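**Q** Have a peek at data.tsv (TSV, C-alpha atoms).
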chain	number	residue	atom	x	y	z
A	1	MET	CA	100.18	89.68	80.39
A	2	ARG	CA	101.10	86.19	81.59
A	3	LYS	CA	99.28	82.85	81.44
A	4	ASN	CA	98.30	80.61	84.34
A	5	SER	CA	98.36	76.84	84.26
A	6	GLY	CA	95.02	76.78	82.41
A	7	SER	CA	96.42	78.97	79.62
A	8	VAL	CA	94.15	81.86	80.60
A	9	GLU	CA	95.82	85.23	80.44
A	10	VAL	CA	96.15	86.89	83.84
A	11	ALA	CA	96.76	90.61	84.16
A	12	PRO	CA	99.55	91.68	86.52
A	13	LEU	CA	98.47	92.96	89.90
A	14	ARG	CA	97.52	96.60	89.57
A	15	ILE	CA	99.21	98.61	92.29
A	16	ARG	CA	97.65	101.80	93.60
A	17	VAL	CA	100.13	104.33	94.95
A	18	GLY	CA	98.92	107.23	97.07
A	19	LEU	CA	100.88	110.47	96.81
A	20	ILE	CA	100.54	113.27	99.37
A	21	VAL	CA	102.14	116.50	98.15
A	22	PRO	CA	102.08	120.22	98.90
A	23	SER	CA	99.10	121.75	97.11
A	24	SER	CA	101.29	123.92	94.85
A	25	ASN	CA	103.58	121.08	93.71
A	26	THR	CA	103.40	120.58	89.92
A	27	VAL	CA	106.43	118.35	89.31
A	28	MET	CA	106.50	115.20	91.45
A	29	GLU	CA	103.42	113.42	90.16
A	30	VAL	CA	104.50	114.14	86.56
A	31	ASP	CA	107.98	112.71	87.20
A	32	LEU	CA	106.57	109.59	88.82
A	33	TYR	CA	103.97	108.95	86.14
A	34	HIS	CA	106.65	109.22	83.45
A	35	HIS	CA	108.75	106.52	85.11
A	36	LEU	CA	106.35	104.13	86.86
A	37	PRO	CA	105.38	100.83	85.19
A	38	GLU	CA	102.06	100.73	83.37
A	39	TYR	CA	100.48	98.48	85.98
A	40	VAL	CA	100.80	101.26	88.59
A	41	THR	CA	98.20	103.97	89.15
A	42	LEU	CA	99.09	107.14	91.03
A	43	HIS	CA	96.50	108.93	93.16
A	44	THR	CA	97.21	112.33	94.67
A	45	ALA	CA	95.97	114.22	97.72
A	46	ARG	CA	97.23	117.71	98.55
A	47	MET	CA	98.33	119.55	101.68
A	48	TYR	CA	97.85	123.31	101.52
A	49	LEU	CA	101.18	125.11	101.09
A	50	GLU	CA	102.21	128.29	99.31
A	51	GLN	CA	105.32	129.50	101.17
A	52	THR	CA	108.38	127.25	101.42
A	53	THR	CA	109.37	128.33	104.91
A	54	ARG	CA	109.87	126.40	108.13
A	55	GLN	CA	106.75	127.87	109.75
A	56	GLU	CA	104.47	127.16	106.80
A	57	GLU	CA	105.78	123.64	106.23
A	58	ILE	CA	105.27	122.70	109.88
A	59	LYS	CA	101.74	124.10	109.61
A	60	MET	CA	101.25	121.97	106.48
A	61	ILE	CA	102.26	118.83	108.35
A	62	GLU	CA	100.28	119.54	111.50
A	63	GLU	CA	97.08	120.97	109.98
A	64	PHE	CA	96.76	119.63	106.43
A	65	ALA	CA	98.67	116.34	106.15
A	66	PRO	CA	96.21	114.36	108.34
A	67	GLY	CA	93.26	115.44	106.18
A	68	ALA	CA	95.13	114.52	103.01
A	69	ALA	CA	95.83	111.08	104.49
A	70	GLU	CA	92.14	110.62	105.33
A	71	LEU	CA	91.29	111.40	101.70
A	72	ILE	CA	93.94	109.23	100.09
A	73	LYS	CA	93.03	106.17	102.12
A	74	THR	CA	89.65	106.06	100.34
A	75	VAL	CA	91.35	104.85	97.14
A	76	ARG	CA	92.70	101.92	99.18
A	77	PRO	CA	96.35	102.42	98.21
A	78	HIS	CA	98.89	99.67	98.64
A	79	PHE	CA	101.22	102.30	100.08
A	80	VAL	CA	101.58	106.08	100.27
A	81	ILE	CA	104.34	108.59	99.53
A	82	PHE	CA	104.86	111.66	101.70
A	83	GLY	CA	106.10	113.91	98.91
A	84	CYS	CA	108.02	116.78	100.47
A	85	THR	CA	111.78	116.63	101.03
A	86	SER	CA	112.27	119.81	103.02
A	87	ALA	CA	109.32	119.29	105.37
A	88	GLY	CA	110.66	115.84	106.23
A	89	SER	CA	113.96	117.36	107.35
A	90	LEU	CA	112.63	120.05	109.69
A	91	GLY	CA	112.67	118.14	112.97
A	92	GLY	CA	116.04	116.41	112.69
A	93	PRO	CA	117.26	113.20	111.03
A	94	GLU	CA	114.36	110.99	112.17
A	95	TYR	CA	111.54	113.51	111.70
A	96	ASP	CA	110.57	112.26	108.23
A	97	LYS	CA	110.04	108.77	109.62
A	98	GLU	CA	107.93	110.19	112.45
A	99	VAL	CA	105.69	112.03	109.99
A	100	CYS	CA	105.36	108.92	107.83
A	101	SER	CA	104.42	106.87	110.89
A	102	ARG	CA	101.65	109.33	111.73
A	103	LEU	CA	100.29	109.16	108.19
A	104	SER	CA	100.42	105.35	108.19
A	105	LYS	CA	98.28	105.26	111.33
A	106	ILE	CA	95.62	107.13	109.36
A	107	THR	CA	95.86	105.25	106.05
A	108	GLY	CA	96.62	101.81	107.45
A	109	VAL	CA	99.39	101.24	104.89
A	110	PRO	CA	103.15	101.92	104.73
A	111	THR	CA	104.34	105.44	103.93
A	112	ILE	CA	107.50	106.21	101.98
A	113	GLY	CA	109.19	109.47	102.94
A	114	VAL	CA	111.25	111.40	100.38
A	115	PHE	CA	113.97	112.54	102.77
A	116	SER	CA	114.25	109.02	104.19
A	117	SER	CA	114.52	107.64	100.64
A	118	VAL	CA	117.35	110.06	99.88
A	119	ARG	CA	119.21	109.02	103.03
A	120	GLU	CA	118.76	105.34	102.17
A	121	THR	CA	120.11	105.91	98.66
A	122	LEU	CA	123.16	107.72	100.03
A	123	LEU	CA	123.80	104.87	102.47
A	124	ARG	CA	123.44	102.31	99.68
A	125	LEU	CA	126.00	104.22	97.64
A	126	LYS	CA	128.30	104.21	100.69
A	127	ALA	CA	128.75	107.94	100.29
A	128	GLU	CA	131.00	109.73	102.74
A	129	THR	CA	130.71	113.20	101.22
A	130	VAL	CA	127.73	114.87	99.54
A	131	ALA	CA	127.26	118.18	97.74
A	132	VAL	CA	123.73	119.60	97.67
A	133	ILE	CA	121.89	121.93	95.29
A	134	THR	CA	118.41	123.17	96.17
A	135	PRO	CA	115.91	125.84	95.20
A	136	TYR	CA	115.43	126.73	98.90
A	137	ILE	CA	116.21	129.57	101.28
A	138	GLU	CA	119.08	129.20	103.75
A	139	ASP	CA	116.93	128.19	106.74
A	140	ILE	CA	115.56	125.20	104.84
A	141	ASN	CA	119.04	124.33	103.58
A	142	ALA	CA	120.24	124.25	107.19
A	143	SER	CA	117.69	121.53	107.99
A	144	ILE	CA	118.66	119.48	104.95
A	145	LYS	CA	122.33	119.73	105.95
A	146	LEU	CA	121.63	118.73	109.57
A	147	GLY	CA	119.58	115.73	108.46
A	148	LEU	CA	122.31	114.46	106.14
A	149	GLU	CA	124.98	114.95	108.77
A	150	GLY	CA	122.91	112.78	111.10
A	151	ASP	CA	124.05	109.81	109.01
A	152	GLY	CA	127.68	110.77	109.41
A	153	LEU	CA	127.93	112.34	105.97
A	154	HIS	CA	130.18	115.31	105.34
A	155	VAL	CA	128.28	118.01	103.42
A	156	ALA	CA	131.00	119.44	101.19
A	157	ALA	CA	128.76	122.24	99.92
A	158	ILE	CA	125.09	123.21	99.94
A	159	HIS	CA	123.71	126.01	97.77
A	160	GLY	CA	120.13	127.17	97.30
A	161	MET	CA	118.45	129.49	94.81
A	162	GLY	CA	116.64	131.39	97.57
A	163	ILE	CA	113.07	130.66	96.40
A	164	ASP	CA	110.45	130.74	99.16
A	165	VAL	CA	107.25	130.48	97.09
A	166	ASN	CA	106.46	126.80	96.65
A	167	PHE	CA	104.84	127.11	93.21
A	168	GLN	CA	107.94	128.93	91.94
A	169	LEU	CA	110.25	126.07	92.95
A	170	SER	CA	109.25	124.51	89.63
A	171	THR	CA	110.18	127.63	87.62
A	172	PRO	CA	113.92	126.98	87.04
A	173	THR	CA	114.39	124.90	83.89
A	174	PRO	CA	116.67	121.85	83.81
A	175	SER	CA	119.25	124.05	82.07
A	176	ASP	CA	118.94	126.63	84.87
A	177	ILE	CA	119.57	123.91	87.45
A	178	VAL	CA	122.64	122.66	85.59
A	179	ARG	CA	124.01	126.18	85.18
A	180	PHE	CA	123.54	126.91	88.88
A	181	ALA	CA	125.17	123.63	89.93
A	182	VAL	CA	128.18	124.09	87.65
A	183	GLU	CA	128.65	127.66	88.85
A	184	ARG	CA	128.38	126.88	92.57
A	185	LEU	CA	130.25	123.57	92.68
A	186	LYS	CA	133.46	124.54	90.91
A	187	GLY	CA	136.32	122.70	92.58
A	188	VAL	CA	134.07	120.85	95.04
A	189	LYS	CA	135.11	117.25	95.67
A	190	THR	CA	132.33	114.85	96.65
A	191	ASP	CA	131.07	111.29	96.28
A	192	VAL	CA	127.50	112.26	95.41
A	193	LEU	CA	125.59	115.28	94.16
A	194	PHE	CA	122.11	115.50	95.66
A	195	ILE	CA	119.55	117.82	94.05
A	196	SER	CA	116.80	118.39	96.62
A	197	CYS	CA	113.07	119.15	96.25
A	198	THR	CA	110.15	117.23	94.75
A	199	ASN	CA	108.88	120.40	93.01
A	200	PHE	CA	112.22	121.07	91.28
A	201	ARG	CA	112.81	119.85	87.71
A	202	ALA	CA	115.94	118.03	88.82
A	203	MET	CA	115.06	114.61	87.42
A	204	GLU	CA	114.93	116.13	83.95
A	205	ALA	CA	118.31	117.77	84.58
A	206	VAL	CA	120.15	114.54	85.46
A	207	PRO	CA	121.32	113.69	81.90
A	208	LEU	CA	122.72	117.21	81.51
A	209	LEU	CA	124.33	117.12	84.96
A	210	LYS	CA	126.13	113.89	84.06
A	211	GLU	CA	127.90	115.76	81.28
A	212	HIS	CA	129.51	118.05	83.87
A	213	PHE	CA	130.02	115.95	87.02
A	214	PRO	CA	131.84	112.62	87.38
A	215	PHE	CA	130.17	111.53	90.62
A	216	HIS	CA	126.82	109.89	91.44
A	217	ILE	CA	123.82	112.19	90.98
A	218	ILE	CA	120.56	111.68	92.83
A	219	THR	CA	117.46	113.80	93.21
A	220	SER	CA	114.51	113.76	95.58
A	221	ASN	CA	112.32	112.19	92.93
A	222	THR	CA	114.84	109.61	91.67
A	223	ALA	CA	115.47	108.43	95.24
A	224	THR	CA	111.73	108.20	95.87
A	225	LEU	CA	111.17	106.32	92.62
A	226	GLU	CA	113.85	103.83	93.67
A	227	ALA	CA	112.07	103.29	97.01
A	228	VAL	CA	108.71	102.94	95.26
A	229	LEU	CA	110.00	100.32	92.83
A	230	ALA	CA	111.56	98.34	95.69
A	231	THR	CA	108.27	98.43	97.62
A	232	MET	CA	106.28	97.33	94.56
A	233	LYS	CA	108.64	94.42	94.01
A	234	LYS	CA	107.90	93.17	97.52
A	235	ILE	CA	104.15	93.50	96.95
A	236	ARG	CA	104.28	91.50	93.72
A	237	GLU	CA	106.46	88.68	95.10
Would you encode the structure as structure tokens?

**A**
Amino acid sequence: MRKNSGSVEVAPLRIRVGLIVPSSNTVMEVDLYHHLPEYVTLHTARMYLEQTTRQEEIKMIEEFAPGAAELIKTVRPHFVIFGCTSAGSLGGPEYDKEVCSRLSKITGVPTIGVFSSVRETLLRLKAETVAVITPYIEDINASIKLGLEGDGLHVAAIHGMGIDVNFQLSTPTPSDIVRFAVERLKGVKTDVLFISCTNFRAMEAVPLLKEHFPFHIITSNTATLEAVLATMKKIRE
């Protein structure tokens, strides 16, 4: 709380953040709520998705994302997050921004895309090489790789766990993620390790990953949180 010139306490502006996620996502909103300031409230709308495949994610965007945006705009959010990394990569490097633009036309407020947030973080870090760990199948990994290469990055390695059921993306524990990364990235040289997927417990795994890898480590949810905090700072100024 802070005081105005008349010594009356004034509460900080309460910021409402809209989050649009796949219906079977159980991780992203938990990660965000654990790390957002207390003056922020998070409000979620869901897009139907059970299979993490190209066909089903495109269907999610085309058929269910607009309805989720219509719902979330009723809480009058200051801005919205499009909370799916892989879906934002499916149509090439700029596809995530296109999807976010469509959602913003419905909600009337800015939309933060996860894949765009990851790319912005990598650019801020001035990364030239990135290694990627995901829970995905190879077809989804191919889209992630193509999107990162669109920024001129060299993808030194990309390995997925082969999970195609969206709910089960949250099944690997942080220790499982670390074990998989250590096993698959032996001898890989990179500037940054990127752990992809908003429904993957990667944010929890970061402290453990830092014990094994000397380079920068980012995840879908840490990059999004960074973008959210930057957007909130602008709103409060």

**Q** Could you check the closest approach to Ile72 (chain A) for each of A:His159, A:His34, A:Lys97, A:Arg16 and tell me which residue wins, using only C-alpha atoms?

**A** A:Arg16

**Q** Show me, as JSON lines, the residues of region 9-90 of chain A having an atom within 12 Å of region 128-139 of chain A, each with the closest atom pair and its distance in Å, using all atoms listed in the file.

**A**
{"residue": "A:Gln51", "atom": "CA", "partner": "A:Tyr136", "partner_atom": "CA", "distance": 10.7}
{"residue": "A:Thr52", "atom": "CA", "partner": "A:Tyr136", "partner_atom": "CA", "distance": 7.5}
{"residue": "A:Thr53", "atom": "CA", "partner": "A:Asp139", "partner_atom": "CA", "distance": 7.8}
{"residue": "A:Arg54", "atom": "CA", "partner": "A:Asp139", "partner_atom": "CA", "distance": 7.4}
{"residue": "A:Gln55", "atom": "CA", "partner": "A:Asp139", "partner_atom": "CA", "distance": 10.6}
{"residue": "A:Thr85", "atom": "CA", "partner": "A:Thr134", "partner_atom": "CA", "distance": 10.5}
{"residue": "A:Ser86", "atom": "CA", "partner": "A:Tyr136", "partner_atom": "CA", "distance": 8.7}
{"residue": "A:Ala87", "atom": "CA", "partner": "A:Tyr136", "partner_atom": "CA", "distance": 11.6}
{"residue": "A:Ser89", "atom": "CA", "partner": "A:Asp139", "partner_atom": "CA", "distance": 11.2}
{"residue": "A:Leu90", "atom": "CA", "partner": "A:Asp139", "partner_atom": "CA", "distance": 9.7}

**Q** Can you tell me, as an MDAnalysis selection string, which residues sit within 12 Å of (109.5, 115.0, 109.8) in the file's frame, using only C-alpha atoms?

**A** chainID A and resid 54 57:62 65 82:103 112:116 143:144 147

**Q** Taking 6 positions as the minimum chain separation for residues in the same chain, which residues sit within 12 Å of Leu169 (chain A) when counting only C-alpha atoms? Answer as a list in words.

**A**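 So, after excluding close chain neighbours, the residues are Pro22, Ser24, Asn25, Thr26, Val27, Met28, Glu50, Gln51, Thr52, Thr134, Pro135, Tyr136, Ile137, Gly160, Met161, Gly162, Ile163, Asp176, Ile177, Ser196, Cys197, Thr198, Asn199, Phe200, Arg201 and Ala202 of chain A.
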
**Q** Separation of CA of Leu193 (chain A) and CA of Ile218 (chain A), in Å?

**A**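 CA of Ile218 (chain A) lies 6.3 Å from CA of Leu193 (chain A).
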
**Q** Which residue, A:Ile20, A:Leu153, A:Val165, A:Ile140, has the smallest gap to Leu71 (chain A) when you use only C-alpha atoms?

**A** A:Ile20

**Q** Separation of CA of Leu49 (chain A) and CA of Leu146 (chain A), in Å?

**A**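 Separation between CA of Leu49 (chain A) and CA of Leu146 (chain A): 23.0 Å.
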
**Q** Quick one: distance from CA of Val188 (chain A) to CA of Leu125 (chain A) in Å, one decimal?

**A**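 Between these atoms lies a distance of 18.7 Å.
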
**Q** Compare A:Leu123, A:Val80, A:Val178, A:Leu36 by their minimum atom-to-atom distance to Asp151 (chain A), counting all atoms listed in the file, and give me the closest one.

**A** A:Leu123

**Q** Counting all atoms listed in the file, select every polymer residue within 12 Å of (120.7, 111.8, 81.9) as defined in the file's coordinates, and provide the selection as a ChimeraX atom specification.

**A** /A:174,178,202-213,216-219,222

**Q** Measuring between all atoms listed in the file, which one of A:Leu225, A:Ala45, A:Val118, A:Leu32 shows the shortest distance to Val192 (chain A)?

**A**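 The closest residue to Val192 (chain A) is A:Val118.
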
**Q** Could you write region 23-44 of chain A as a PDB file, in the coordinates of the input, with N, CA and C atoms rebuilt where they are missing?

**A**
ATOM      1  N   SER A  23     100.148 121.422  98.081  1.00  0.00           N
ATOM      2  CA  SER A  23      99.100 121.750  97.110  1.00  0.00           C
ATOM      3  C   SER A  23      99.637 122.435  95.857  1.00  0.00           C
ATOM      4  N   SER A  24     100.750 123.160  95.980  1.00  0.00           N
ATOM      5  CA  SER A  24     101.290 123.920  94.850  1.00  0.00           C
ATOM      6  C   SER A  24     102.407 123.179  94.113  1.00  0.00           C
ATOM      7  N   ASN A  25     102.570 121.889  94.383  1.00  0.00           N
ATOM      8  CA  ASN A  25     103.580 121.080  93.710  1.00  0.00           C
ATOM      9  C   ASN A  25     103.053 120.646  92.341  1.00  0.00           C
ATOM     10  N   THR A  26     103.815 120.936  91.284  1.00  0.00           N
ATOM     11  CA  THR A  26     103.400 120.580  89.920  1.00  0.00           C
ATOM     12  C   THR A  26     104.358 119.617  89.235  1.00  0.00           C
ATOM     13  N   VAL A  27     105.383 119.138  89.956  1.00  0.00           N
ATOM     14  CA  VAL A  27     106.430 118.350  89.310  1.00  0.00           C
ATOM     15  C   VAL A  27     106.424 116.873  89.711  1.00  0.00           C
ATOM     16  N   MET A  28     106.248 116.561  90.988  1.00  0.00           N
ATOM     17  CA  MET A  28     106.500 115.200  91.450  1.00  0.00           C
ATOM     18  C   MET A  28     105.601 114.166  90.795  1.00  0.00           C
ATOM     19  N   GLU A  29     104.302 114.432  90.737  1.00  0.00           N
ATOM     20  CA  GLU A  29     103.420 113.420  90.160  1.00  0.00           C
ATOM     21  C   GLU A  29     103.706 113.202  88.679  1.00  0.00           C
ATOM     22  N   VAL A  30     104.133 114.267  87.977  1.00  0.00           N
ATOM     23  CA  VAL A  30     104.500 114.140  86.560  1.00  0.00           C
ATOM     24  C   VAL A  30     105.744 113.261  86.423  1.00  0.00           C
ATOM     25  N   ASP A  31     106.767 113.536  87.239  1.00  0.00           N
ATOM     26  CA  ASP A  31     107.980 112.710  87.200  1.00  0.00           C
ATOM     27  C   ASP A  31     107.678 111.244  87.465  1.00  0.00           C
ATOM     28  N   LEU A  32     106.874 110.984  88.479  1.00  0.00           N
ATOM     29  CA  LEU A  32     106.570 109.590  88.820  1.00  0.00           C
ATOM     30  C   LEU A  32     105.780 108.908  87.720  1.00  0.00           C
ATOM     31  N   TYR A  33     104.773 109.578  87.189  1.00  0.00           N
ATOM     32  CA  TYR A  33     103.970 108.950  86.140  1.00  0.00           C
ATOM     33  C   TYR A  33     104.789 108.646  84.891  1.00  0.00           C
ATOM     34  N   HIS A  34     105.802 109.468  84.616  1.00  0.00           N
ATOM     35  CA  HIS A  34     106.650 109.220  83.450  1.00  0.00           C
ATOM     36  C   HIS A  34     107.560 108.015  83.620  1.00  0.00           C
ATOM     37  N   HIS A  35     107.770 107.579  84.870  1.00  0.00           N
ATOM     38  CA  HIS A  35     108.750 106.520  85.110  1.00  0.00           C
ATOM     39  C   HIS A  35     108.180 105.271  85.779  1.00  0.00           C
ATOM     40  N   LEU A  36     106.940 105.308  86.234  1.00  0.00           N
ATOM     41  CA  LEU A  36     106.350 104.130  86.860  1.00  0.00           C
ATOM     42  C   LEU A  36     105.874 103.134  85.814  1.00  0.00           C
ATOM     43  N   PRO A  37     105.897 101.836  86.128  1.00  0.00           N
ATOM     44  CA  PRO A  37     105.380 100.830  85.190  1.00  0.00           C
ATOM     45  C   PRO A  37     103.902 101.040  84.909  1.00  0.00           C
ATOM     46  N   GLU A  38     103.441 100.500  83.808  1.00  0.00           N
ATOM     47  CA  GLU A  38     102.060 100.730  83.370  1.00  0.00           C
ATOM     48  C   GLU A  38     101.024 100.089  84.286  1.00  0.00           C
ATOM     49  N   TYR A  39     101.442  99.128  85.082  1.00  0.00           N
ATOM     50  CA  TYR A  39     100.480  98.480  85.980  1.00  0.00           C
ATOM     51  C   TYR A  39     100.281  99.263  87.289  1.00  0.00           C
ATOM     52  N   VAL A  40     100.919 100.429  87.387  1.00  0.00           N
ATOM     53  CA  VAL A  40     100.800 101.260  88.590  1.00  0.00           C
ATOM     54  C   VAL A  40      99.898 102.449  88.302  1.00  0.00           C
ATOM     55  N   THR A  41      98.996 102.748  89.238  1.00  0.00           N
ATOM     56  CA  THR A  41      98.200 103.970  89.150  1.00  0.00           C
ATOM     57  C   THR A  41      98.565 104.873  90.318  1.00  0.00           C
ATOM     58  N   LEU A  42      98.669 106.154  90.038  1.00  0.00           N
ATOM     59  CA  LEU A  42      99.090 107.140  91.030  1.00  0.00           C
ATOM     60  C   LEU A  42      97.911 108.018  91.382  1.00  0.00           C
ATOM     61  N   HIS A  43      97.676 108.195  92.687  1.00  0.00           N
ATOM     62  CA  HIS A  43      96.500 108.930  93.160  1.00  0.00           C
ATOM     63  C   HIS A  43      96.959 109.975  94.177  1.00  0.00           C
ATOM     64  N   THR A  44      96.617 111.228  93.919  1.00  0.00           N
ATOM     65  CA  THR A  44      97.210 112.330  94.670  1.00  0.00           C
ATOM     66  C   THR A  44      96.219 113.033  95.585  1.00  0.00           C
TER      67      THR A  44
END
